[in-house]
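Colleague: Input file: protein_2.csv. Contents: CSV, N, CA and C atoms and all ligand atoms.
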chain,number,residue,atom,x,y,z
A,1,MET,N,-30.5,-47.2,33.2
A,1,MET,CA,-29.1,-47.3,32.9
A,1,MET,C,-28.8,-47.5,31.4
A,2,LYS,N,-29.6,-48.4,30.8
A,2,LYS,CA,-29.4,-48.7,29.4
A,2,LYS,C,-29.7,-47.4,28.5
A,3,ASN,N,-30.7,-46.7,28.9
A,3,ASN,CA,-31.0,-45.4,28.2
A,3,ASN,C,-29.8,-44.5,28.2
A,4,THR,N,-29.2,-44.3,29.3
A,4,THR,CA,-28.0,-43.4,29.4
A,4,THR,C,-26.9,-43.9,28.5
A,5,THR,N,-26.7,-45.2,28.4
A,5,THR,CA,-25.6,-45.7,27.6
A,5,THR,C,-25.9,-45.4,26.1
A,6,VAL,N,-27.2,-45.6,25.7
A,6,VAL,CA,-27.6,-45.2,24.3
A,6,VAL,C,-27.4,-43.8,24.0
A,7,ILE,N,-27.8,-42.9,25.0
A,7,ILE,CA,-27.7,-41.5,24.8
A,7,ILE,C,-26.2,-41.1,24.7
A,8,LEU,N,-25.4,-41.7,25.6
A,8,LEU,CA,-24.0,-41.4,25.6
A,8,LEU,C,-23.4,-41.8,24.2
A,9,GLY,N,-23.8,-43.0,23.7
A,9,GLY,CA,-23.3,-43.5,22.4
A,9,GLY,C,-23.7,-42.5,21.3
A,10,ILE,N,-24.9,-42.0,21.3
A,10,ILE,CA,-25.3,-41.1,20.3
A,10,ILE,C,-24.5,-39.8,20.3
A,11,ILE,N,-24.3,-39.3,21.6
A,11,ILE,CA,-23.5,-38.1,21.7
A,11,ILE,C,-22.1,-38.3,21.2
A,12,ILE,N,-21.5,-39.4,21.5
A,12,ILE,CA,-20.1,-39.7,21.0
A,12,ILE,C,-20.1,-39.8,19.4
A,13,ILE,N,-21.1,-40.4,18.9
A,13,ILE,CA,-21.2,-40.5,17.4
A,13,ILE,C,-21.3,-39.1,16.8
A,14,ILE,N,-22.1,-38.2,17.4
A,14,ILE,CA,-22.3,-36.8,16.9
A,14,ILE,C,-21.0,-36.1,17.0
A,15,ILE,N,-20.3,-36.3,18.1
A,15,ILE,CA,-19.0,-35.5,18.3
A,15,ILE,C,-18.0,-36.0,17.3
A,16,ILE,N,-17.9,-37.3,17.1
A,16,ILE,CA,-16.9,-37.9,16.1
A,16,ILE,C,-17.3,-37.4,14.7
A,17,GLY,N,-18.6,-37.5,14.4
A,17,GLY,CA,-19.1,-37.0,13.1
A,17,GLY,C,-18.8,-35.5,12.8
A,18,GLY,N,-19.1,-34.7,13.9
A,18,GLY,CA,-18.8,-33.3,13.8
A,18,GLY,C,-17.3,-33.0,13.6
A,19,TYR,N,-16.5,-33.8,14.2
A,19,TYR,CA,-15.0,-33.7,14.1
A,19,TYR,C,-14.6,-33.9,12.6
A,20,PHE,N,-15.2,-35.0,12.0
A,20,PHE,CA,-14.8,-35.3,10.6
A,20,PHE,C,-15.3,-34.2,9.7
A,21,ILE,N,-16.5,-33.7,9.9
A,21,ILE,CA,-17.1,-32.6,9.1
A,21,ILE,C,-16.1,-31.4,9.2
A,22,PHE,N,-15.7,-31.1,10.4
A,22,PHE,CA,-14.9,-29.9,10.6
A,22,PHE,C,-13.5,-30.1,9.9
A,23,THR,N,-12.9,-31.2,10.1
A,23,THR,CA,-11.6,-31.4,9.4
A,23,THR,C,-11.7,-31.4,7.9
A,24,ASN,N,-12.8,-31.9,7.4
A,24,ASN,CA,-13.0,-31.9,5.9
A,24,ASN,C,-13.1,-30.5,5.4
A,25,THR,N,-13.8,-29.6,6.1
A,25,THR,CA,-13.8,-28.2,5.6
A,25,THR,C,-12.5,-27.5,5.7
A,26,GLU,N,-11.7,-27.9,6.7
A,26,GLU,CA,-10.4,-27.3,6.8
A,26,GLU,C,-9.4,-27.8,5.7
A,27,LYS,N,-9.6,-29.0,5.2
A,27,LYS,CA,-8.8,-29.5,4.1
A,27,LYS,C,-8.9,-28.7,2.8
A,28,GLU,N,-10.0,-28.0,2.7
A,28,GLU,CA,-10.3,-27.2,1.4
A,28,GLU,C,-9.4,-26.0,1.3
A,29,ILE,N,-8.8,-25.5,2.4
A,29,ILE,CA,-8.0,-24.3,2.4
A,29,ILE,C,-6.7,-24.4,1.5
A,30,PRO,N,-6.0,-25.5,1.6
A,30,PRO,CA,-4.7,-25.5,0.8
A,30,PRO,C,-4.9,-25.3,-0.7
A,31,VAL,N,-6.1,-25.4,-1.3
A,31,VAL,CA,-6.2,-25.2,-2.7
A,31,VAL,C,-5.7,-23.9,-3.1
A,32,ASN,N,-5.9,-22.8,-2.3
A,32,ASN,CA,-5.4,-21.5,-2.6
A,32,ASN,C,-3.9,-21.5,-2.7
A,33,GLU,N,-3.2,-22.2,-1.7
A,33,GLU,CA,-1.8,-22.3,-1.7
A,33,GLU,C,-1.3,-22.8,-3.1
A,34,ASN,N,-1.9,-23.9,-3.6
A,34,ASN,CA,-1.5,-24.5,-4.8
A,34,ASN,C,-1.6,-23.4,-6.0
A,35,ASN,N,-2.7,-22.7,-6.0
A,35,ASN,CA,-2.8,-21.6,-7.0
A,35,ASN,C,-1.7,-20.6,-7.0
A,36,ILE,N,-1.3,-20.2,-5.8
A,36,ILE,CA,-0.2,-19.3,-5.7
A,36,ILE,C,1.1,-19.8,-6.2
A,37,ASN,N,1.3,-21.1,-5.9
A,37,ASN,CA,2.5,-21.8,-6.3
A,37,ASN,C,2.6,-21.9,-7.9
A,38,GLU,N,1.5,-22.2,-8.5
A,38,GLU,CA,1.4,-22.2,-9.9
A,38,GLU,C,1.7,-20.9,-10.5
A,39,GLU,N,1.2,-19.8,-10.0
A,39,GLU,CA,1.5,-18.5,-10.5
A,39,GLU,C,3.0,-18.1,-10.4
A,40,THR,N,3.6,-18.4,-9.3
A,40,THR,CA,5.0,-18.0,-9.1
A,40,THR,C,5.9,-18.8,-10.0
A,41,ALA,N,5.5,-20.1,-10.3
A,41,ALA,CA,6.3,-20.9,-11.1
A,41,ALA,C,6.2,-20.5,-12.6
A,42,ASP,N,5.2,-19.7,-12.9
A,42,ASP,CA,5.0,-19.2,-14.3
A,42,ASP,C,5.5,-17.8,-14.6
A,43,VAL,N,6.2,-17.2,-13.7
A,43,VAL,CA,6.7,-15.9,-13.9
A,43,VAL,C,7.9,-15.8,-14.9
A,44,GLN,N,7.8,-14.9,-15.8
A,44,GLN,CA,8.9,-14.7,-16.7
A,44,GLN,C,9.8,-13.6,-16.2
A,45,ASN,N,11.0,-14.0,-15.8
A,45,ASN,CA,11.9,-13.0,-15.2
A,45,ASN,C,12.8,-12.3,-16.3
A,46,ILE,N,12.8,-11.0,-16.3
A,46,ILE,CA,13.5,-10.2,-17.3
A,46,ILE,C,14.5,-9.3,-16.6
A,47,VAL,N,15.8,-9.4,-17.0
A,47,VAL,CA,16.8,-8.5,-16.4
A,47,VAL,C,17.3,-7.6,-17.5
A,48,ILE,N,17.1,-6.3,-17.3
A,48,ILE,CA,17.5,-5.3,-18.3
A,48,ILE,C,18.8,-4.5,-17.9
A,49,GLY,N,19.8,-4.4,-18.7
A,49,GLY,CA,21.0,-3.7,-18.4
A,49,GLY,C,21.0,-2.4,-19.3
A,50,PHE,N,22.3,-1.9,-19.4
A,50,PHE,CA,22.5,-0.6,-20.1
A,50,PHE,C,23.7,-0.8,-21.1
A,51,LYS,N,23.5,-0.4,-22.4
A,51,LYS,CA,24.5,-0.5,-23.4
A,51,LYS,C,24.3,0.5,-24.5
A,52,ASN,N,25.3,1.2,-24.9
A,52,ASN,CA,25.2,2.2,-26.0
A,52,ASN,C,24.1,3.2,-25.7
A,53,TYR,N,24.1,3.8,-24.5
A,53,TYR,CA,23.1,4.8,-24.1
A,53,TYR,C,21.7,4.3,-24.2
A,54,ASN,N,21.5,3.1,-24.1
A,54,ASN,CA,20.1,2.6,-24.1
A,54,ASN,C,20.0,1.3,-23.3
A,55,TYR,N,18.7,0.9,-23.1
A,55,TYR,CA,18.4,-0.3,-22.4
A,55,TYR,C,18.9,-1.5,-23.2
A,56,TYR,N,19.4,-2.5,-22.6
A,56,TYR,CA,19.8,-3.7,-23.3
A,56,TYR,C,19.5,-5.0,-22.5
A,57,PRO,N,18.8,-5.9,-23.0
A,57,PRO,CA,18.2,-5.9,-24.4
A,57,PRO,C,17.1,-5.0,-24.4
A,58,ASN,N,16.7,-4.5,-25.6
A,58,ASN,CA,15.6,-3.6,-25.7
A,58,ASN,C,14.5,-4.1,-26.6
A,59,GLN,N,14.6,-5.4,-27.1
A,59,GLN,CA,13.5,-6.0,-27.8
A,59,GLN,C,13.2,-7.3,-27.0
A,60,ILE,N,12.1,-7.3,-26.2
A,60,ILE,CA,11.9,-8.4,-25.3
A,60,ILE,C,10.6,-9.0,-25.6
A,61,ARG,N,10.6,-10.3,-25.9
A,61,ARG,CA,9.4,-11.0,-26.2
A,61,ARG,C,8.8,-11.6,-24.9
A,62,VAL,N,7.6,-11.4,-24.7
A,62,VAL,CA,6.9,-11.9,-23.5
A,62,VAL,C,5.6,-12.6,-24.0
A,63,LYS,N,5.1,-13.4,-23.1
A,63,LYS,CA,3.9,-14.2,-23.4
A,63,LYS,C,2.7,-13.4,-22.8
A,64,ALA,N,1.7,-13.1,-23.7
A,64,ALA,CA,0.6,-12.3,-23.2
A,64,ALA,C,-0.2,-13.2,-22.2
A,65,GLY,N,-0.6,-12.5,-21.1
A,65,GLY,CA,-1.4,-13.2,-20.1
A,65,GLY,C,-0.5,-13.8,-19.0
A,66,GLN,N,0.8,-13.8,-19.3
A,66,GLN,CA,1.7,-14.4,-18.3
A,66,GLN,C,2.3,-13.3,-17.4
A,67,LYS,N,2.5,-13.6,-16.2
A,67,LYS,CA,3.1,-12.6,-15.3
A,67,LYS,C,4.6,-12.4,-15.6
A,68,ILE,N,5.0,-11.2,-15.7
A,68,ILE,CA,6.4,-10.9,-16.0
A,68,ILE,C,7.0,-10.1,-14.8
A,69,SER,N,8.3,-10.3,-14.6
A,69,SER,CA,8.9,-9.6,-13.5
A,69,SER,C,10.2,-8.9,-14.1
A,70,ILE,N,10.2,-7.6,-14.0
A,70,ILE,CA,11.3,-6.8,-14.7
A,70,ILE,C,12.3,-6.3,-13.6
A,71,THR,N,13.6,-6.5,-13.7
A,71,THR,CA,14.5,-5.9,-12.9
A,71,THR,C,15.6,-5.2,-13.7
A,72,LEU,N,16.1,-4.1,-13.2
A,72,LEU,CA,17.2,-3.4,-13.9
A,72,LEU,C,18.5,-3.6,-13.2
A,73,ASP,N,19.5,-4.1,-13.9
A,73,ASP,CA,20.8,-4.4,-13.2
A,73,ASP,C,21.5,-3.1,-12.9
A,74,ASP,N,22.7,-3.3,-12.3
A,74,ASP,CA,23.4,-2.1,-11.7
A,74,ASP,C,24.0,-1.2,-12.8
A,75,SER,N,24.0,-1.7,-14.1
A,75,SER,CA,24.6,-0.8,-15.1
A,75,SER,C,23.6,0.3,-15.5
A,76,VAL,N,22.3,0.1,-15.1
A,76,VAL,CA,21.3,1.1,-15.4
A,76,VAL,C,21.3,2.2,-14.3
A,77,THR,N,21.5,3.5,-14.7
A,77,THR,CA,21.7,4.5,-13.7
A,77,THR,C,20.7,5.7,-13.9
A,78,GLY,N,20.7,6.6,-13.0
A,78,GLY,CA,19.9,7.8,-13.1
A,78,GLY,C,18.5,7.6,-13.4
A,79,CYS,N,18.0,8.5,-14.3
A,79,CYS,CA,16.6,8.5,-14.6
A,79,CYS,C,16.2,7.3,-15.4
A,80,TYR,N,17.2,6.6,-16.0
A,80,TYR,CA,16.8,5.3,-16.7
A,80,TYR,C,16.2,4.3,-15.7
A,81,ARG,N,16.4,4.5,-14.4
A,81,ARG,CA,15.8,3.5,-13.5
A,81,ARG,C,14.3,3.8,-13.3
A,82,ALA,N,13.9,4.9,-13.8
A,82,ALA,CA,12.4,5.2,-13.7
A,82,ALA,C,11.8,4.5,-15.0
A,83,PHE,N,11.6,3.2,-14.8
A,83,PHE,CA,11.1,2.4,-16.0
A,83,PHE,C,9.6,2.7,-16.3
A,84,THR,N,9.4,3.1,-17.5
A,84,THR,CA,8.1,3.6,-17.9
A,84,THR,C,7.5,2.9,-19.1
A,85,ILE,N,6.3,2.4,-19.0
A,85,ILE,CA,5.6,1.9,-20.2
A,85,ILE,C,4.3,2.7,-20.3
A,86,ARG,N,4.4,3.8,-21.1
A,86,ARG,CA,3.4,4.8,-21.1
A,86,ARG,C,2.0,4.2,-21.5
A,87,SER,N,2.0,3.4,-22.5
A,87,SER,CA,0.7,2.9,-23.0
A,87,SER,C,0.0,2.0,-22.0
A,88,LEU,N,0.7,1.5,-20.9
A,88,LEU,CA,0.1,0.8,-19.9
A,88,LEU,C,-0.1,1.6,-18.6
A,89,GLY,N,0.4,2.8,-18.7
A,89,GLY,CA,0.3,3.7,-17.5
A,89,GLY,C,1.2,3.3,-16.4
A,90,ILE,N,2.3,2.6,-16.7
A,90,ILE,CA,3.2,2.2,-15.7
A,90,ILE,C,4.5,3.0,-15.7
A,91,SER,N,4.9,3.5,-14.5
A,91,SER,CA,6.1,4.2,-14.3
A,91,SER,C,6.6,3.9,-12.9
A,92,GLU,N,7.7,3.1,-12.8
A,92,GLU,CA,8.1,2.7,-11.5
A,92,GLU,C,9.6,3.0,-11.4
A,93,TYR,N,10.0,3.6,-10.3
A,93,TYR,CA,11.4,3.9,-10.0
A,93,TYR,C,12.0,2.7,-9.3
A,94,LEU,N,12.9,1.9,-10.0
A,94,LEU,CA,13.4,0.7,-9.4
A,94,LEU,C,14.8,1.1,-8.8
A,95,ILE,N,14.8,1.3,-7.5
A,95,ILE,CA,16.0,1.9,-6.9
A,95,ILE,C,17.2,1.0,-7.1
A,96,SER,N,17.1,-0.3,-6.8
A,96,SER,CA,18.3,-1.2,-6.9
A,96,SER,C,18.0,-2.4,-7.8
A,97,SER,N,19.0,-3.2,-8.0
A,97,SER,CA,18.8,-4.4,-8.8
A,97,SER,C,17.9,-5.5,-8.2
A,98,THR,N,17.5,-5.2,-6.9
A,98,THR,CA,16.6,-6.2,-6.2
A,98,THR,C,15.2,-5.8,-6.3
A,99,ASP,N,14.9,-4.5,-6.8
A,99,ASP,CA,13.5,-4.1,-7.0
A,99,ASP,C,13.0,-4.7,-8.3
A,100,THR,N,11.7,-5.1,-8.2
A,100,THR,CA,11.1,-5.7,-9.3
A,100,THR,C,9.8,-5.0,-9.7
A,101,LEU,N,9.6,-5.0,-11.0
A,101,LEU,CA,8.3,-4.4,-11.5
A,101,LEU,C,7.5,-5.6,-12.0
A,102,GLU,N,6.4,-5.9,-11.4
A,102,GLU,CA,5.6,-7.1,-11.9
A,102,GLU,C,4.4,-6.6,-12.6
A,103,LEU,N,4.2,-7.3,-13.7
A,103,LEU,CA,3.0,-6.9,-14.5
A,103,LEU,C,2.6,-8.1,-15.4
A,104,THR,N,1.4,-8.0,-15.9
A,104,THR,CA,0.9,-9.0,-16.8
A,104,THR,C,0.3,-8.2,-18.0
A,105,ILE,N,0.8,-8.5,-19.2
A,105,ILE,CA,0.2,-7.8,-20.4
A,105,ILE,C,-0.8,-8.8,-20.9
A,106,LYS,N,-2.0,-8.3,-20.9
A,106,LYS,CA,-3.1,-9.2,-21.3
A,106,LYS,C,-3.3,-9.3,-22.8
A,107,LYS,N,-3.1,-8.2,-23.4
A,107,LYS,CA,-3.4,-8.1,-24.9
A,107,LYS,C,-2.1,-8.2,-25.7
A,108,PRO,N,-2.0,-9.1,-26.7
A,108,PRO,CA,-0.8,-9.2,-27.5
A,108,PRO,C,-0.6,-7.8,-28.2
A,109,GLY,N,0.7,-7.5,-28.4
A,109,GLY,CA,1.0,-6.2,-29.1
A,109,GLY,C,2.4,-5.8,-28.7
A,110,THR,N,2.8,-4.6,-29.2
A,110,THR,CA,4.1,-4.1,-28.9
A,110,THR,C,4.0,-2.9,-28.0
A,111,TYR,N,4.6,-2.9,-26.9
A,111,TYR,CA,4.5,-1.9,-25.9
A,111,TYR,C,5.9,-1.2,-25.7
A,112,LYS,N,6.0,0.1,-26.0
A,112,LYS,CA,7.2,0.8,-25.9
A,112,LYS,C,7.6,1.1,-24.4
A,113,PHE,N,8.9,1.0,-24.1
A,113,PHE,CA,9.3,1.4,-22.8
A,113,PHE,C,10.4,2.4,-22.9
A,114,SER,N,10.6,3.2,-21.9
A,114,SER,CA,11.6,4.2,-21.9
A,114,SER,C,11.8,4.7,-20.4
A,115,CYS,N,12.6,5.7,-20.2
A,115,CYS,CA,12.7,6.3,-18.9
A,115,CYS,C,11.5,7.2,-18.7
A,116,SER,N,11.2,7.8,-17.6
A,116,SER,CA,10.0,8.6,-17.3
A,116,SER,C,10.0,9.8,-18.2
A,117,MET,N,11.2,10.2,-18.7
A,117,MET,CA,11.3,11.4,-19.5
A,117,MET,C,11.3,11.1,-21.0
A,118,GLY,N,11.3,9.8,-21.3
A,118,GLY,CA,11.2,9.4,-22.7
A,118,GLY,C,12.6,9.1,-23.3
A,119,MET,N,13.6,9.0,-22.4
A,119,MET,CA,15.0,8.7,-22.8
A,119,MET,C,15.1,7.2,-22.9
A,120,GLY,N,15.9,6.7,-23.9
A,120,GLY,CA,16.1,5.3,-24.0
A,120,GLY,C,14.8,4.8,-24.7
A,121,TYR,N,14.9,3.6,-25.3
A,121,TYR,CA,13.7,3.1,-25.9
A,121,TYR,C,13.8,1.6,-26.0
A,122,GLY,N,12.7,0.9,-26.1
A,122,GLY,CA,12.7,-0.5,-26.3
A,122,GLY,C,11.3,-1.0,-26.4
A,123,ASN,N,11.1,-2.2,-26.7
A,123,ASN,CA,9.8,-2.8,-26.9
A,123,ASN,C,9.6,-4.1,-26.1
A,124,LEU,N,8.4,-4.1,-25.5
A,124,LEU,CA,8.0,-5.4,-24.9
A,124,LEU,C,7.0,-5.9,-25.9
A,125,ILE,N,7.4,-7.1,-26.5
A,125,ILE,CA,6.5,-7.6,-27.5
A,125,ILE,C,5.7,-8.8,-26.9
A,126,ALA,N,4.5,-8.6,-26.7
A,126,ALA,CA,3.6,-9.6,-26.1
A,126,ALA,C,2.9,-10.4,-27.2
A,127,GLU,N,3.1,-11.7,-27.1
A,127,GLU,CA,2.6,-12.6,-28.2
A,127,GLU,C,1.6,-13.6,-27.6
A,201,CU,CU,15.5,10.2,-18.6
Could you show the structure in this file as structure tokens?
Modeller:
Amino acid sequence: MKNTTVILGIIIIIIIGGYFIFTNTEKEIPVNENNINEETADVQNIVIGFKNYNYYPNQIRVKAGQKISITLDDSVTGCYRAFTIRSLGISEYLISSTDTLELTIKKPGTYKFSCSMGMGYGNLIAE
């Protein structure tokens, strides 16, 4: 009878120990969530409109290495909505003002943008 009690006790200890090990490994998962939150908090939002037959503003300073999100407001029409940064190989048709173009410019420098046909002009200045 005493042996069974000891064995039962050991089994219970193993089960409790196993439970703690299991919950500890589960707790490591939210680290990823934190990383995602930090990234979204760090996004530079840029809204570009249209003025004098060109993008406005058209000299935009951004931080190199930081995620930027570009939207075109409703004043931008036609082919101007095909936002193109040729030197980065980016060309995206932003259908409405809720569409976003997200990118990160890693290297500081001046990056020209225009429509896909080269109409309009402006610079993204990454520092
Ligand atoms: Cu065009």
Colleague: Which one is closest to Asp99 (chain A): A:Asn54, A:Ser69, A:Gln59, A:Gln44? Count only C-alpha atoms.
Modeller: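 Comparing A:Asn54, A:Ser69, A:Gln59, A:Gln44 against Asp99 (chain A), the winner is A:Ser69.
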Colleague: Please determine, counting only N, CA and C atoms and all ligand atoms, which residue among A:Ser75, A:Ser114, A:Ser97, A:Asn123 has the shortest atom-to-atom distance to ligand CU 201 (chain A).
Modeller: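 For ligand CU 201 (chain A), the nearest of the candidates is A:Ser114.
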Colleague: Tell me which of A:Phe113, A:Tyr93, A:Tyr53, A:Tyr80 sits closest to ligand CU 201 (chain A), counting only C-alpha atoms and all ligand atoms.
Modeller: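 Nearest to ligand CU 201 (chain A): A:Tyr80.
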Colleague: Please identify the helix (DSSP H, G or I) residues within region 24-122 of chain A (assignment by DSSP from backbone atoms) and present them as JSON, numbers by chain.
Modeller: {"A": [24, 25, 26, 27, 30, 31, 32, 33, 34, 35, 36, 37, 38, 39, 40, 41, 78, 79, 80, 81, 86, 87, 88]}
Colleague: Could those residues be written to a file, using N, CA and C atoms, as a PDB file, in the coordinates of the input?
Modeller:
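Written output follows (part.pdb):
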ATOM      1  N   ASN A  24     -12.800 -31.900   7.400  1.00  0.00           N
ATOM      2  CA  ASN A  24     -13.000 -31.900   5.900  1.00  0.00           C
ATOM      3  C   ASN A  24     -13.100 -30.500   5.400  1.00  0.00           C
ATOM      4  N   THR A  25     -13.800 -29.600   6.100  1.00  0.00           N
ATOM      5  CA  THR A  25     -13.800 -28.200   5.600  1.00  0.00           C
ATOM      6  C   THR A  25     -12.500 -27.500   5.700  1.00  0.00           C
ATOM      7  N   GLU A  26     -11.700 -27.900   6.700  1.00  0.00           N
ATOM      8  CA  GLU A  26     -10.400 -27.300   6.800  1.00  0.00           C
ATOM      9  C   GLU A  26      -9.400 -27.800   5.700  1.00  0.00           C
ATOM     10  N   LYS A  27      -9.600 -29.000   5.200  1.00  0.00           N
ATOM     11  CA  LYS A  27      -8.800 -29.500   4.100  1.00  0.00           C
ATOM     12  C   LYS A  27      -8.900 -28.700   2.800  1.00  0.00           C
ATOM     13  N   PRO A  30      -6.000 -25.500   1.600  1.00  0.00           N
ATOM     14  CA  PRO A  30      -4.700 -25.500   0.800  1.00  0.00           C
ATOM     15  C   PRO A  30      -4.900 -25.300  -0.700  1.00  0.00           C
ATOM     16  N   VAL A  31      -6.100 -25.400  -1.300  1.00  0.00           N
ATOM     17  CA  VAL A  31      -6.200 -25.200  -2.700  1.00  0.00           C
ATOM     18  C   VAL A  31      -5.700 -23.900  -3.100  1.00  0.00           C
ATOM     19  N   ASN A  32      -5.900 -22.800  -2.300  1.00  0.00           N
ATOM     20  CA  ASN A  32      -5.400 -21.500  -2.600  1.00  0.00           C
ATOM     21  C   ASN A  32      -3.900 -21.500  -2.700  1.00  0.00           C
ATOM     22  N   GLU A  33      -3.200 -22.200  -1.700  1.00  0.00           N
ATOM     23  CA  GLU A  33      -1.800 -22.300  -1.700  1.00  0.00           C
ATOM     24  C   GLU A  33      -1.300 -22.800  -3.100  1.00  0.00           C
ATOM     25  N   ASN A  34      -1.900 -23.900  -3.600  1.00  0.00           N
ATOM     26  CA  ASN A  34      -1.500 -24.500  -4.800  1.00  0.00           C
ATOM     27  C   ASN A  34      -1.600 -23.400  -6.000  1.00  0.00           C
ATOM     28  N   ASN A  35      -2.700 -22.700  -6.000  1.00  0.00           N
ATOM     29  CA  ASN A  35      -2.800 -21.600  -7.000  1.00  0.00           C
ATOM     30  C   ASN A  35      -1.700 -20.600  -7.000  1.00  0.00           C
ATOM     31  N   ILE A  36      -1.300 -20.200  -5.800  1.00  0.00           N
ATOM     32  CA  ILE A  36      -0.200 -19.300  -5.700  1.00  0.00           C
ATOM     33  C   ILE A  36       1.100 -19.800  -6.200  1.00  0.00           C
ATOM     34  N   ASN A  37       1.300 -21.100  -5.900  1.00  0.00           N
ATOM     35  CA  ASN A  37       2.500 -21.800  -6.300  1.00  0.00           C
ATOM     36  C   ASN A  37       2.600 -21.900  -7.900  1.00  0.00           C
ATOM     37  N   GLU A  38       1.500 -22.200  -8.500  1.00  0.00           N
ATOM     38  CA  GLU A  38       1.400 -22.200  -9.900  1.00  0.00           C
ATOM     39  C   GLU A  38       1.700 -20.900 -10.500  1.00  0.00           C
ATOM     40  N   GLU A  39       1.200 -19.800 -10.000  1.00  0.00           N
ATOM     41  CA  GLU A  39       1.500 -18.500 -10.500  1.00  0.00           C
ATOM     42  C   GLU A  39       3.000 -18.100 -10.400  1.00  0.00           C
ATOM     43  N   THR A  40       3.600 -18.400  -9.300  1.00  0.00           N
ATOM     44  CA  THR A  40       5.000 -18.000  -9.100  1.00  0.00           C
ATOM     45  C   THR A  40       5.900 -18.800 -10.000  1.00  0.00           C
ATOM     46  N   ALA A  41       5.500 -20.100 -10.300  1.00  0.00           N
ATOM     47  CA  ALA A  41       6.300 -20.900 -11.100  1.00  0.00           C
ATOM     48  C   ALA A  41       6.200 -20.500 -12.600  1.00  0.00           C
ATOM     49  N   GLY A  78      20.700   6.600 -13.000  1.00  0.00           N
ATOM     50  CA  GLY A  78      19.900   7.800 -13.100  1.00  0.00           C
ATOM     51  C   GLY A  78      18.500   7.600 -13.400  1.00  0.00           C
ATOM     52  N   CYS A  79      18.000   8.500 -14.300  1.00  0.00           N
ATOM     53  CA  CYS A  79      16.600   8.500 -14.600  1.00  0.00           C
ATOM     54  C   CYS A  79      16.200   7.300 -15.400  1.00  0.00           C
ATOM     55  N   TYR A  80      17.200   6.600 -16.000  1.00  0.00           N
ATOM     56  CA  TYR A  80      16.800   5.300 -16.700  1.00  0.00           C
ATOM     57  C   TYR A  80      16.200   4.300 -15.700  1.00  0.00           C
ATOM     58  N   ARG A  81      16.400   4.500 -14.400  1.00  0.00           N
ATOM     59  CA  ARG A  81      15.800   3.500 -13.500  1.00  0.00           C
ATOM     60  C   ARG A  81      14.300   3.800 -13.300  1.00  0.00           C
ATOM     61  N   ARG A  86       4.400   3.800 -21.100  1.00  0.00           N
ATOM     62  CA  ARG A  86       3.400   4.800 -21.100  1.00  0.00           C
ATOM     63  C   ARG A  86       2.000   4.200 -21.500  1.00  0.00           C
ATOM     64  N   SER A  87       2.000   3.400 -22.500  1.00  0.00           N
ATOM     65  CA  SER A  87       0.700   2.900 -23.000  1.00  0.00           C
ATOM     66  C   SER A  87       0.000   2.000 -22.000  1.00  0.00           C
ATOM     67  N   LEU A  88       0.700   1.500 -20.900  1.00  0.00           N
ATOM     68  CA  LEU A  88       0.100   0.800 -19.900  1.00  0.00           C
ATOM     69  C   LEU A  88      -0.100   1.600 -18.600  1.00  0.00           C
TER      70      LEU A  88
END
Colleague: Using all atoms listed in the file, find each protein or nucleic acid residue lying at most 6.5 Å from ligand CU 201 (chain A); present the set as a ChimeraX atom specification.
Modeller: /A:79-80,115-120
Colleague: CA of Lys106 (chain A) to CA of Asp74 (chain A): how many Å, to one decimal?
Modeller: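 So the answer is 29.1 Å.
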Colleague: Neighbourhood query: residues within 12 Å of (1.5, -1.9, -29.5), file coordinates, counting only C-alpha atoms; return as a list in words.
Modeller: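 It turns out the residues near that spot are Ile85, Arg86, Ser87, Leu88, Ile105, Lys106, Lys107, Pro108, Gly109, Thr110, Tyr111, Lys112, Phe113, Gly122, Asn123, Leu124, Ile125, Ala126 and Glu127 of chain A.
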Colleague: Compile the contact shell of Lys67 (chain A) as a ChimeraX atom specification: residues with an atom at most 5 Å away, counting all atoms listed in the file, same-chain residues fewer than 6 positions apart removed.
Modeller: /A:43-44,103-104
Colleague: Convert the current residue selection to file output with N, CA and C atoms, as a short mmCIF file (atom, residue, chain, number, x, y, z; two decimals), in the frame of the given file.
Modeller:
data_model
loop_
_atom_site.label_atom_id
_atom_site.label_comp_id
_atom_site.auth_asym_id
_atom_site.auth_seq_id
_atom_site.Cartn_x
_atom_site.Cartn_y
_atom_site.Cartn_z
N VAL A 43 6.20 -17.20 -13.70
CA VAL A 43 6.70 -15.90 -13.90
C VAL A 43 7.90 -15.80 -14.90
N GLN A 44 7.80 -14.90 -15.80
CA GLN A 44 8.90 -14.70 -16.70
C GLN A 44 9.80 -13.60 -16.20
N LEU A 103 4.20 -7.30 -13.70
CA LEU A 103 3.00 -6.90 -14.50
C LEU A 103 2.60 -8.10 -15.40
N THR A 104 1.40 -8.00 -15.90
CA THR A 104 0.90 -9.00 -16.80
C THR A 104 0.30 -8.20 -18.00
#
Colleague: According to DSSP computed on the backbone, where in region 53-93 of chain A is there strand (DSSP E)? Give the residues as a PyMOL selection string.
Modeller: chain A and resi 54-56+59-62+67-72+82-85+90-93
Colleague: Between atom C of Tyr55 (chain A) and CA of Thr77 (chain A), what is the distance, to one decimal in Å?
Modeller: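 Atom-to-atom, atom C of Tyr55 (chain A) and CA of Thr77 (chain A) are spaced 11.6 Å apart.
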Colleague: Could you tell me how far CA of Tyr56 (chain A) lies from CA of Ile70 (chain A), in Å and to one decimal?
Modeller: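 These atoms are spaced 12.5 Å apart.
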